[in-house]
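Student: Here you go, this is work.pdb (PDB, C-alpha atoms).
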ATOM      1  CA  MET A  15       1.987  -6.505  16.934
ATOM      2  CA  TRP A  16      -1.720  -6.148  16.365
ATOM      3  CA  GLY A  17      -3.495  -8.635  14.157
ATOM      4  CA  SER A  18      -6.824  -9.933  12.964
ATOM      5  CA  ASP A  19      -8.280 -13.384  13.633
ATOM      6  CA  ILE A  20     -10.578 -13.462  10.625
ATOM      7  CA  CYS A  21     -14.149 -14.553  11.211
ATOM      8  CA  GLY A  22     -13.560 -15.070  14.927
ATOM      9  CA  TYR A  23     -17.250 -14.527  15.691
ATOM     10  CA  SER A  24     -19.034 -16.127  18.622
ATOM     11  CA  GLN A  25     -22.229 -16.760  16.675
ATOM     12  CA  LYS A  26     -22.563 -19.919  14.603
ATOM     13  CA  SER A  27     -24.294 -18.412  11.574
ATOM     14  CA  MET A  28     -22.586 -16.575   8.736
ATOM     15  CA  PRO A  29     -22.222 -12.820   9.334
ATOM     16  CA  SER A  30     -23.588 -10.359   6.817
ATOM     17  CA  ILE A  31     -21.412  -9.959   3.719
ATOM     18  CA  GLU A  32     -20.735  -6.373   4.758
ATOM     19  CA  ASN A  33     -19.499  -7.453   8.191
ATOM     20  CA  TYR A  34     -17.545 -10.302   6.601
ATOM     21  CA  CYS A  35     -15.748  -8.037   4.102
ATOM     22  CA  ARG A  36     -15.032  -5.235   6.587
ATOM     23  CA  TRP A  37     -13.463  -7.682   9.032
ATOM     24  CA  LEU A  38     -11.388  -9.277   6.280
ATOM     25  CA  LEU A  39     -10.179  -5.840   5.183
ATOM     26  CA  PHE A  40      -8.995  -5.048   8.684
ATOM     27  CA  GLY A  41      -6.992  -8.258   8.452
ATOM     28  CA  VAL A  42      -5.465  -7.186   5.133
ATOM     29  CA  TYR A  43      -3.979  -4.098   6.771
ATOM     30  CA  SER A  44      -2.761  -5.908   9.888
ATOM     31  CA  GLY A  45       0.563  -7.446  10.786
ATOM     32  CA  PHE A  46      -1.062 -10.843  11.234
ATOM     33  CA  MET A  47      -4.003 -12.234   9.278
ATOM     34  CA  GLU A  48      -5.389 -15.681  10.096
ATOM     35  CA  PHE A  49      -8.436 -17.274   8.534
ATOM     36  CA  MET A  50     -10.229 -19.731  10.809
ATOM     37  CA  LEU A  51     -11.988 -22.766   9.336
ATOM     38  CA  ASP A  52     -14.987 -22.547  11.638
ATOM     39  CA  GLY A  53     -18.015 -22.917   9.376
ATOM     40  CA  LYS A  54     -17.789 -19.392   7.958
ATOM     41  CA  GLU A  55     -15.498 -20.179   5.023
ATOM     42  CA  PRO A  56     -15.877 -18.133   1.819
ATOM     43  CA  TRP A  57     -16.949 -21.165  -0.215
ATOM     44  CA  ASN A  58     -20.190 -21.055   1.786
ATOM     45  CA  LEU A  59     -20.974 -17.677   0.186
ATOM     46  CA  THR A  60     -22.733 -16.962  -3.089
ATOM     47  CA  ALA A  61     -20.599 -16.729  -6.238
ATOM     48  CA  ALA A  62     -20.910 -12.926  -6.264
ATOM     49  CA  ASN A  63     -19.792 -12.669  -2.640
ATOM     50  CA  GLN A  64     -16.959 -15.129  -3.214
ATOM     51  CA  ALA A  65     -15.668 -12.719  -5.862
ATOM     52  CA  LEU A  66     -15.573  -9.950  -3.260
ATOM     53  CA  VAL A  67     -13.618 -12.118  -0.850
ATOM     54  CA  LYS A  68     -11.187 -13.196  -3.580
ATOM     55  CA  ASN A  69     -10.521  -9.527  -4.362
ATOM     56  CA  ILE A  70      -9.740  -8.880  -0.689
ATOM     57  CA  PHE A  71      -7.429 -11.885  -0.372
ATOM     58  CA  ASN A  72      -5.573 -10.767  -3.501
ATOM     59  CA  GLN A  73      -5.041  -7.370  -1.872
ATOM     60  CA  ARG A  74      -3.319  -9.091   1.033
ATOM     61  CA  PHE A  75      -0.997 -11.051  -1.237
ATOM     62  CA  THR A  76      -0.159  -7.884  -3.183
ATOM     63  CA  LEU A  77       0.782  -6.116   0.075
ATOM     64  CA  LEU A  78       3.005  -8.939   1.333
ATOM     65  CA  PRO A  79       6.316  -7.492  -0.002
ATOM     66  CA  TYR A  80       5.582  -4.378   2.091
ATOM     67  CA  ILE A  81       4.376  -6.300   5.139
ATOM     68  CA  TYR A  82       7.208  -8.849   5.017
ATOM     69  CA  SER A  83       9.735  -6.015   4.831
ATOM     70  CA  ILE A  84       8.369  -3.935   7.704
ATOM     71  CA  ILE A  85       8.052  -6.988   9.957
ATOM     72  CA  ASN A  86      11.597  -8.120   9.211
ATOM     73  CA  THR A  87      13.027  -4.648   9.871
ATOM     74  CA  SER A  88      10.849  -3.822  12.884
ATOM     75  CA  ALA A  89      13.783  -4.134  15.312
ATOM     76  CA  ASP A  90      15.322  -1.108  13.603
ATOM     77  CA  ASN A  91      12.247   0.770  12.409
ATOM     78  CA  GLY A  92       9.531   0.107  14.984
ATOM     79  CA  VAL A  93       6.381  -1.951  15.220
ATOM     80  CA  THR A  94       4.231  -2.807  12.217
ATOM     81  CA  MET A  95       1.061  -1.133  13.520
ATOM     82  CA  LYS A  96       1.253   2.036  15.556
ATOM     83  CA  PRO A  97      -1.345   4.387  17.090
ATOM     84  CA  LEU A  98      -1.208   7.917  15.694
ATOM     85  CA  VAL A  99      -0.028   9.310  19.027
ATOM     86  CA  GLY A 100       3.055   7.085  18.793
ATOM     87  CA  GLU A 101       4.234   8.993  15.721
ATOM     88  CA  TYR A 102       2.707  12.392  16.523
ATOM     89  CA  PRO A 103       3.095  12.813  20.315
ATOM     90  CA  ASP A 104       3.027  16.611  20.058
ATOM     91  CA  ASP A 105      -0.403  16.585  18.405
ATOM     92  CA  SER A 106      -2.998  16.457  21.182
ATOM     93  CA  LYS A 107      -5.716  15.605  18.649
ATOM     94  CA  THR A 108      -4.190  12.136  18.274
ATOM     95  CA  TYR A 109      -4.394  11.284  21.975
ATOM     96  CA  ALA A 110      -7.924   9.900  21.985
ATOM     97  CA  ILE A 111      -7.943   8.329  18.509
ATOM     98  CA  THR A 112      -8.330   4.565  18.836
ATOM     99  CA  ASP A 113      -9.944   3.693  15.493
ATOM    100  CA  GLU A 114      -7.098   4.713  13.160
ATOM    101  CA  TYR A 115      -3.501   3.525  13.012
ATOM    102  CA  LEU A 116      -0.287   3.765  11.043
ATOM    103  CA  PHE A 117       0.589   0.611   9.107
ATOM    104  CA  GLY A 118       4.312   0.720   8.494
ATOM    105  CA  PRO A 119       5.951   4.007   7.524
ATOM    106  CA  ALA A 120       3.730   4.827   4.531
ATOM    107  CA  MET A 121       0.074   4.095   5.350
ATOM    108  CA  LEU A 122      -2.640   5.467   7.601
ATOM    109  CA  VAL A 123      -5.571   3.046   7.940
ATOM    110  CA  ALA A 124      -9.052   3.988   9.168
ATOM    111  CA  PRO A 125     -11.191   0.798   9.263
ATOM    112  CA  LEU A 126     -14.928   0.986   8.717
ATOM    113  CA  ILE A 127     -16.637  -0.331  11.832
ATOM    114  CA  SER A 128     -20.248   0.604  11.113
ATOM    115  CA  ALA A 129     -22.754   0.134   8.303
ATOM    116  CA  ALA A 130     -21.646   3.406   6.689
ATOM    117  CA  THR A 131     -19.592   3.379   3.487
ATOM    118  CA  SER A 132     -17.552   6.430   4.542
ATOM    119  CA  ARG A 133     -16.353   7.869   7.822
ATOM    120  CA  SER A 134     -14.804  10.834   9.526
ATOM    121  CA  LEU A 135     -11.080  10.514  10.195
ATOM    122  CA  TYR A 136      -8.130  12.603  11.279
ATOM    123  CA  LEU A 137      -5.056  13.190   9.104
ATOM    124  CA  PRO A 138      -2.003  14.322  11.105
ATOM    125  CA  ALA A 139       0.467  16.938   9.942
ATOM    126  CA  GLY A 140       1.819  16.509   6.446
ATOM    127  CA  ARG A 141       0.429  15.702   3.043
ATOM    128  CA  TRP A 142      -1.674  12.587   2.416
ATOM    129  CA  ILE A 143      -2.921  10.805  -0.712
ATOM    130  CA  ASN A 144      -6.008   8.603  -0.871
ATOM    131  CA  MET A 145      -4.698   5.179  -1.869
ATOM    132  CA  HIS A 146      -7.803   4.336  -3.906
ATOM    133  CA  ASP A 147      -8.114   7.384  -6.181
ATOM    134  CA  TYR A 148      -4.903   9.347  -5.462
ATOM    135  CA  ALA A 149      -6.888  12.378  -4.330
ATOM    136  CA  ASP A 150      -4.528  14.796  -2.594
ATOM    137  CA  TYR A 151      -4.956  16.150   0.950
ATOM    138  CA  PRO A 152      -2.150  18.712   1.247
ATOM    139  CA  PHE A 153      -3.119  20.176   4.616
ATOM    140  CA  GLY A 154      -2.622  17.698   7.438
ATOM    141  CA  GLY A 155      -3.730  18.279  11.003
ATOM    142  CA  THR A 156      -7.371  18.221   9.988
ATOM    143  CA  THR A 157     -10.460  16.010  10.105
ATOM    144  CA  ILE A 158     -11.929  14.882   6.794
ATOM    145  CA  THR A 159     -14.717  12.626   5.574
ATOM    146  CA  SER A 160     -13.458   9.742   3.477
ATOM    147  CA  SER A 161     -14.815   9.032   0.027
ATOM    148  CA  ALA A 162     -17.395   6.249  -0.228
ATOM    149  CA  MET A 163     -15.856   2.785   0.027
ATOM    150  CA  SER A 164     -17.011  -0.357  -1.775
ATOM    151  CA  LEU A 165     -17.113  -3.690   0.043
ATOM    152  CA  THR A 166     -13.532  -4.318  -1.103
ATOM    153  CA  GLN A 167     -12.145  -1.014   0.224
ATOM    154  CA  ILE A 168     -11.477   0.735   3.505
ATOM    155  CA  PRO A 169      -9.971   4.215   3.891
ATOM    156  CA  VAL A 170      -6.184   4.102   3.482
ATOM    157  CA  TYR A 171      -4.016   7.188   3.013
ATOM    158  CA  ILE A 172      -0.403   7.277   1.847
ATOM    159  CA  LYS A 173       1.985   9.719   3.429
ATOM    160  CA  SER A 174       3.650  12.062   0.946
ATOM    161  CA  ASN A 175       7.362  11.433   0.374
ATOM    162  CA  SER A 176       6.876   7.661   0.725
ATOM    163  CA  ILE A 177       8.249   4.728  -1.238
ATOM    164  CA  PHE A 178       7.340   1.072  -0.699
ATOM    165  CA  PRO A 179       7.039  -2.274  -2.549
ATOM    166  CA  THR A 180       3.986  -4.325  -3.488
ATOM    167  CA  GLY A 181       3.450  -7.071  -6.056
ATOM    168  CA  GLN A 182       3.106 -10.797  -6.611
ATOM    169  CA  ILE A 183       6.062 -12.351  -4.808
ATOM    170  CA  PHE A 184       4.572 -14.819  -2.324
ATOM    171  CA  ALA A 185       2.716 -17.714  -3.893
ATOM    172  CA  GLY A 186       0.706 -19.224  -1.047
ATOM    173  CA  LEU A 187      -1.090 -22.109  -2.717
ATOM    174  CA  GLY A 188      -0.792 -20.285  -6.038
ATOM    175  CA  LYS A 189       2.112 -22.448  -7.191
ATOM    176  CA  LYS A 190       0.049 -25.579  -6.587
ATOM    177  CA  TRP A 191      -2.865 -24.255  -8.616
ATOM    178  CA  ASP A 192      -0.796 -22.458 -11.256
ATOM    179  CA  THR A 193       2.400 -24.135 -12.421
ATOM    180  CA  THR A 194       3.358 -20.942 -14.283
ATOM    181  CA  PHE A 195       3.258 -18.758 -11.139
ATOM    182  CA  ASP A 196       7.035 -18.326 -10.965
ATOM    183  CA  SER A 197       7.046 -16.672 -14.378
ATOM    184  CA  LYS A 198       4.349 -14.238 -13.209
ATOM    185  CA  ARG A 199       6.133 -12.949 -10.118
ATOM    186  CA  ASN A 200       6.538  -9.183 -10.239
ATOM    187  CA  LEU A 201       7.355  -6.249  -8.023
ATOM    188  CA  VAL A 202       5.879  -2.753  -7.975
ATOM    189  CA  ILE A 203       7.892   0.097  -6.461
ATOM    190  CA  ASN A 204       5.300   2.668  -5.386
ATOM    191  CA  ALA A 205       6.600   6.237  -5.125
ATOM    192  CA  PHE A 206       4.712   9.232  -3.743
ATOM    193  CA  PRO A 207       6.974  12.275  -4.168
ATOM    194  CA  GLY A 208       7.080  15.019  -1.592
ATOM    195  CA  VAL A 209       7.808  18.686  -2.157
ATOM    196  CA  ALA A 210      11.130  20.113  -3.320
ATOM    197  CA  GLY A 211      13.914  19.105  -0.963
ATOM    198  CA  ASP A 212      12.177  15.984   0.377
ATOM    199  CA  SER A 213      13.815  12.556   0.316
ATOM    200  CA  ASN A 214      13.088   9.183   1.874
ATOM    201  CA  SER A 215      13.967   5.490   1.691
ATOM    202  CA  PHE A 216      12.513   2.069   2.427
ATOM    203  CA  THR A 217      14.331  -1.166   3.181
ATOM    204  CA  TYR A 218      12.885  -3.924   1.022
ATOM    205  CA  VAL A 219      13.613  -7.445   2.273
ATOM    206  CA  ASP A 220      13.894  -9.549  -0.877
ATOM    207  CA  TYR A 221      12.455 -12.950   0.024
ATOM    208  CA  LEU A 222      13.514 -14.347  -3.363
ATOM    209  CA  ASP A 223      17.140 -13.241  -2.896
ATOM    210  CA  SER A 224      18.050 -14.823   0.457
ATOM    211  CA  ASN A 225      16.269 -12.005   2.332
ATOM    212  CA  LYS A 226      18.801  -9.407   1.261
ATOM    213  CA  HIS A 227      18.036  -5.866   2.385
ATOM    214  CA  LYS A 228      17.643  -3.564  -0.623
ATOM    215  CA  VAL A 229      17.143   0.172  -0.150
ATOM    216  CA  LEU A 230      14.531   1.912  -2.304
ATOM    217  CA  SER A 231      14.949   5.701  -2.390
ATOM    218  CA  ILE A 232      12.987   8.724  -3.554
ATOM    219  CA  SER A 233      13.951  12.390  -3.696
ATOM    220  CA  ALA A 234      12.613  15.677  -5.069
ATOM    221  CA  SER A 235      15.203  18.340  -5.771
ATOM    222  CA  ALA A 236      14.870  22.094  -5.546
ATOM    223  CA  ASP A 237      14.770  22.312  -9.354
ATOM    224  CA  TYR A 238      11.813  19.874  -9.475
ATOM    225  CA  VAL A 239      13.570  16.716 -10.487
ATOM    226  CA  ILE A 240      12.104  13.561  -8.960
ATOM    227  CA  SER A 241      14.425  10.583  -8.637
ATOM    228  CA  VAL A 242      13.585   6.963  -7.776
ATOM    229  CA  LYS A 243      16.440   4.503  -7.333
ATOM    230  CA  ALA A 244      16.805   0.870  -6.273
ATOM    231  CA  PRO A 245      19.351  -1.927  -6.635
ATOM    232  CA  ALA A 246      18.707  -4.884  -8.936
ATOM    233  CA  MET A 247      15.613  -6.915  -8.119
ATOM    234  CA  THR A 248      15.123 -10.654  -8.470
ATOM    235  CA  VAL A 249      12.017 -10.274 -10.635
ATOM    236  CA  PRO A 250      10.873  -7.692 -13.181
ATOM    237  CA  GLY A 251       8.250  -5.108 -12.421
ATOM    238  CA  THR A 252       7.280  -1.462 -12.595
ATOM    239  CA  VAL A 253       8.023   1.781 -10.850
ATOM    240  CA  MET A 254       4.692   3.480 -10.165
ATOM    241  CA  ILE A 255       4.966   7.206  -9.395
ATOM    242  CA  CYS A 256       2.007   9.271  -8.216
ATOM    243  CA  LEU A 257       1.857  12.464 -10.292
ATOM    244  CA  HIS A 258      -1.122  14.804 -10.424
ATOM    245  CA  ASN A 259       0.152  16.377 -13.640
ATOM    246  CA  PRO A 260       2.053  14.942 -16.620
ATOM    247  CA  PRO A 261       5.847  15.068 -16.472
ATOM    248  CA  ILE A 262       7.885  17.108 -18.930
ATOM    249  CA  SER A 263      10.365  14.268 -19.453
ATOM    250  CA  VAL A 264      11.160  10.835 -18.024
ATOM    251  CA  TYR A 265      14.534   9.075 -18.042
ATOM    252  CA  THR A 266      15.604   5.542 -17.156
ATOM    253  CA  ASP A 267      19.251   5.786 -16.238
ATOM    254  CA  SER A 268      20.296   8.497 -18.731
ATOM    255  CA  THR A 269      18.011   7.348 -21.553
ATOM    256  CA  LEU A 270      15.001   9.478 -22.449
ATOM    257  CA  VAL A 271      11.713   7.552 -22.405
ATOM    258  CA  SER A 272      10.090   8.442 -25.728
ATOM    259  CA  ASP A 273       6.530   7.552 -24.761
ATOM    260  CA  PRO A 274       6.035   7.819 -20.971
ATOM    261  CA  GLN A 275       3.078   5.781 -19.721
ATOM    262  CA  TYR A 276       1.260   8.499 -17.817
ATOM    263  CA  ASP A 277      -2.394   7.949 -16.909
ATOM    264  CA  ALA A 278      -3.991  11.320 -16.181
ATOM    265  CA  ALA A 279      -7.200   9.809 -14.796
ATOM    266  CA  ALA A 280      -5.332   7.494 -12.422
ATOM    267  CA  LYS A 281      -2.725  10.198 -11.645
ATOM    268  CA  LYS A 282       0.179   7.793 -12.066
ATOM    269  CA  LEU A 283       3.248   7.250 -14.199
ATOM    270  CA  THR A 284       4.408   3.650 -14.717
ATOM    271  CA  VAL A 285       7.915   2.745 -15.833
ATOM    272  CA  PRO A 286       8.827  -0.937 -16.347
ATOM    273  CA  PHE A 287      12.109  -2.418 -15.136
ATOM    274  CA  ASP A 288      13.931  -5.674 -15.840
ATOM    275  CA  ALA A 289      15.138  -8.191 -13.297
ATOM    276  CA  ASN A 290      18.782  -8.187 -12.208
ATOM    277  CA  LYS A 291      19.431  -4.592 -13.296
ATOM    278  CA  PRO A 292      19.747  -1.502 -11.064
ATOM    279  CA  ILE A 293      16.713   0.774 -11.217
ATOM    280  CA  SER A 294      16.928   4.522 -11.854
ATOM    281  CA  VAL A 295      13.982   6.685 -12.915
ATOM    282  CA  THR A 296      14.253  10.463 -13.212
ATOM    283  CA  ILE A 297      11.356  12.838 -13.847
ATOM    284  CA  ARG A 298      11.985  16.394 -14.894
ATOM    285  CA  GLY A 299       9.316  19.042 -14.558
ATOM    286  CA  THR A 300       8.173  22.283 -12.986
ATOM    287  CA  PRO A 301       5.993  22.914  -9.931
ATOM    288  CA  ALA A 302       2.922  23.288 -12.156
ATOM    289  CA  LYS A 303       3.719  20.124 -14.090
ATOM    290  CA  VAL A 304       4.818  17.700 -11.394
ATOM    291  CA  MET A 305       4.447  18.850  -7.807
ATOM    292  CA  ASP A 306       1.624  21.136  -6.728
ATOM    293  CA  GLN A 307       3.678  23.257  -4.360
TER     294      GLN A 307
END
Render the structure in this file as structure tokens.
Tutor:
Amino acid sequence: MWGSDICGYSQKSMPSIENYCRWLLFGVYSGFMEFMLDGKEPWNLTAANQALVKNIFNQRFTLLPYIYSIINTSADNGVTMKPLVGEYPDDSKTYAITDEYLFGPAMLVAPLISAATSRSLYLPAGRWINMHDYADYPFGGTTITSSAMSLTQIPVYIKSNSIFPTGQIFAGLGKKWDTTFDSKRNLVINAFPGVAGDSNSFTYVDYLDSNKHKVLSISASADYVISVKAPAMTVPGTVMICLHNPPISVYTDSTLVSDPQYDAAAKKLTVPFDANKPISVTIRGTPAKVMDQ
């Protein structure tokens, strides 16, 4: 398992804020992230730069349901971080790529390792979605230039036909600083539908429910019905579905949602769910309305 020993620099002085943030971000999208107390702690930064670091740390905590699950199922599903050639051995273009990797089953990560705010990267076969703006890259097997990244972003692309959890589940020191943290725990089921006929699943390891394995599933039928299902969760949350066009109708179980919360600019539909109740979201549409075939 690859990892990141944050701020493990040989020099004694603080690195530049750009170097600091880029290294932290590599840690966010790593199986192991450790912050060394070696004189380069974030409280030595300016208030503005501390805000950047806080944003990055919050990203890590939000990803922990995903990371915890893929680590705890790695014996069945493979290592947490994998070179592209490990997943695409028939694609000779992946053989020499050493600065990109797959992070679990859903994400391709391309860290920024220079002063540039964007970079060239290779997307293997399939359809990929920019995690930051949900821009669609439907033709895999090609080299692209990423969009410009802020100091709290690095290029991350989600594989089409993926489903995975994020959210505020693990408290860290949050419970010590915020006595109401337990009431704020939430889960987000992120769904990125594929084309008609696609289906996939993800095994969520529910830390709050004695580490029970709970299967999240997504499917897209030939008549353009997208379905997201999951068993009851320990905490409430939302199903977030990436859609580039508004749905015709949305159902929870068999009940029509009268006012679907679709954000056209963000390209996402959000559907809330309650704790301790099975989750079922169905989207009905046409190719032009839901999936750009």
Student: One decimal, in Å: what's the spacing between atom CA of Gly186 of chain A and atom CA of Ser231 of chain A?
Tutor: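 Computing it gives 28.7 Å between the two atoms.
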Student: Given only C-alpha atoms as the basis, pick out the residue of A:Phe71, A:Tyr171, A:Tyr43, A:Trp37 nearest to Pro152 of chain A.
Tutor: A:Tyr171
Student: Excluding Ile203 of chain A and residues on its chain fewer than 4 positions from it, collect all residues at most 12 Å away from it, counting only C-alpha atoms, and give them as a PyMOL selection string.
Tutor: chain A and resi 76-77+79-80+176-182+215-218+228-232+242-245+247+249-256+283-287+293-295
Student: Give me the residues within 12 Å of segment 44-57 of chain A as JSON, numbers by chain, counting only C-alpha atoms and dropping any in the same chain fewer than 4 places off.
Tutor: {"A": [15, 16, 17, 18, 19, 20, 21, 22, 23, 24, 25, 26, 27, 28, 29, 30, 31, 34, 35, 37, 38, 39, 40, 61, 62, 63, 64, 65, 66, 67, 68, 69, 70, 71, 74, 75, 77, 78, 80, 81, 82, 83, 84, 85, 86, 88, 93, 94, 95, 96, 114, 115, 116, 117, 118, 121, 122, 123, 124, 125]}
Student: Counting only C-alpha atoms, which residues in segment 121-142 of chain A sit no more than 10 Å from segment 102-113 of chain A? For each one, give the nearest pair of atoms and the distance in Å, sorted by chain then residue number, as JSON lines.
Tutor:
{"residue": "A:Val123", "atom": "CA", "partner": "A:Asp113", "partner_atom": "CA", "distance": 8.8}
{"residue": "A:Ala124", "atom": "CA", "partner": "A:Asp113", "partner_atom": "CA", "distance": 6.4}
{"residue": "A:Pro125", "atom": "CA", "partner": "A:Asp113", "partner_atom": "CA", "distance": 7.0}
{"residue": "A:Leu126", "atom": "CA", "partner": "A:Asp113", "partner_atom": "CA", "distance": 8.8}
{"residue": "A:Ile127", "atom": "CA", "partner": "A:Asp113", "partner_atom": "CA", "distance": 8.6}
{"residue": "A:Leu135", "atom": "CA", "partner": "A:Asp113", "partner_atom": "CA", "distance": 8.7}
{"residue": "A:Tyr136", "atom": "CA", "partner": "A:Thr108", "partner_atom": "CA", "distance": 8.0}
{"residue": "A:Leu137", "atom": "CA", "partner": "A:Thr108", "partner_atom": "CA", "distance": 9.3}
{"residue": "A:Pro138", "atom": "CA", "partner": "A:Tyr102", "partner_atom": "CA", "distance": 7.4}
{"residue": "A:Ala139", "atom": "CA", "partner": "A:Tyr102", "partner_atom": "CA", "distance": 8.3}
Student: Using Å and a single decimal, report how far atom CA of Gly140 of chain A sits from atom CA of Phe153 of chain A.
Tutor: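 Separation between atom CA of Phe153 of chain A and atom CA of Gly140 of chain A: 6.4 Å.
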Student: Quick one: which residues end up in the PyMOL selection byres ((chain A and resi 263-268) around 7) for this structure, as a list in words?
Tutor: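 Evaluating the PyMOL selection byres ((chain A and resi 263-268) around 7) on these coordinates yields Pro261, Ile262, Thr269, Leu270, Val271, Pro274, Ser294, Val295, Thr296, Ile297, Arg298 and Gly299 of chain A.
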Student: So how far away is atom CA of Asn175 of chain A from atom CA of Ala236 of chain A, in Å?
Tutor: 14.3 Å
Student: Let me know the residues the PyMOL selection byres ((chain A and resi 147) around 12) catches in the file above, as a CSV table (one decimal) with C-alpha atoms, in the coordinates of the input.
Tutor:
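Generated file (out-v4.csv):
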chain,number,residue,atom,x,y,z
A,142,TRP,CA,-1.7,12.6,2.4
A,143,ILE,CA,-2.9,10.8,-0.7
A,144,ASN,CA,-6.0,8.6,-0.9
A,145,MET,CA,-4.7,5.2,-1.9
A,146,HIS,CA,-7.8,4.3,-3.9
A,148,TYR,CA,-4.9,9.3,-5.5
A,149,ALA,CA,-6.9,12.4,-4.3
A,150,ASP,CA,-4.5,14.8,-2.6
A,151,TYR,CA,-5.0,16.2,1.0
A,160,SER,CA,-13.5,9.7,3.5
A,161,SER,CA,-14.8,9.0,0.0
A,162,ALA,CA,-17.4,6.2,-0.2
A,163,MET,CA,-15.9,2.8,0.0
A,167,GLN,CA,-12.1,-1.0,0.2
A,169,PRO,CA,-10.0,4.2,3.9
A,170,VAL,CA,-6.2,4.1,3.5
A,171,TYR,CA,-4.0,7.2,3.0
A,172,ILE,CA,-0.4,7.3,1.8
A,256,CYS,CA,2.0,9.3,-8.2
A,257,LEU,CA,1.9,12.5,-10.3
A,258,HIS,CA,-1.1,14.8,-10.4
A,278,ALA,CA,-4.0,11.3,-16.2
A,279,ALA,CA,-7.2,9.8,-14.8
A,280,ALA,CA,-5.3,7.5,-12.4
A,281,LYS,CA,-2.7,10.2,-11.6
A,282,LYS,CA,0.2,7.8,-12.1
Student: With all atoms listed in the file as the basis for distance, which of A:Ile168, A:Leu222, A:Ala246, A:Ala120 is at the shortest distance from Lys291 of chain A?
Tutor: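 Under the stated criterion, the closest residue is A:Ala246.
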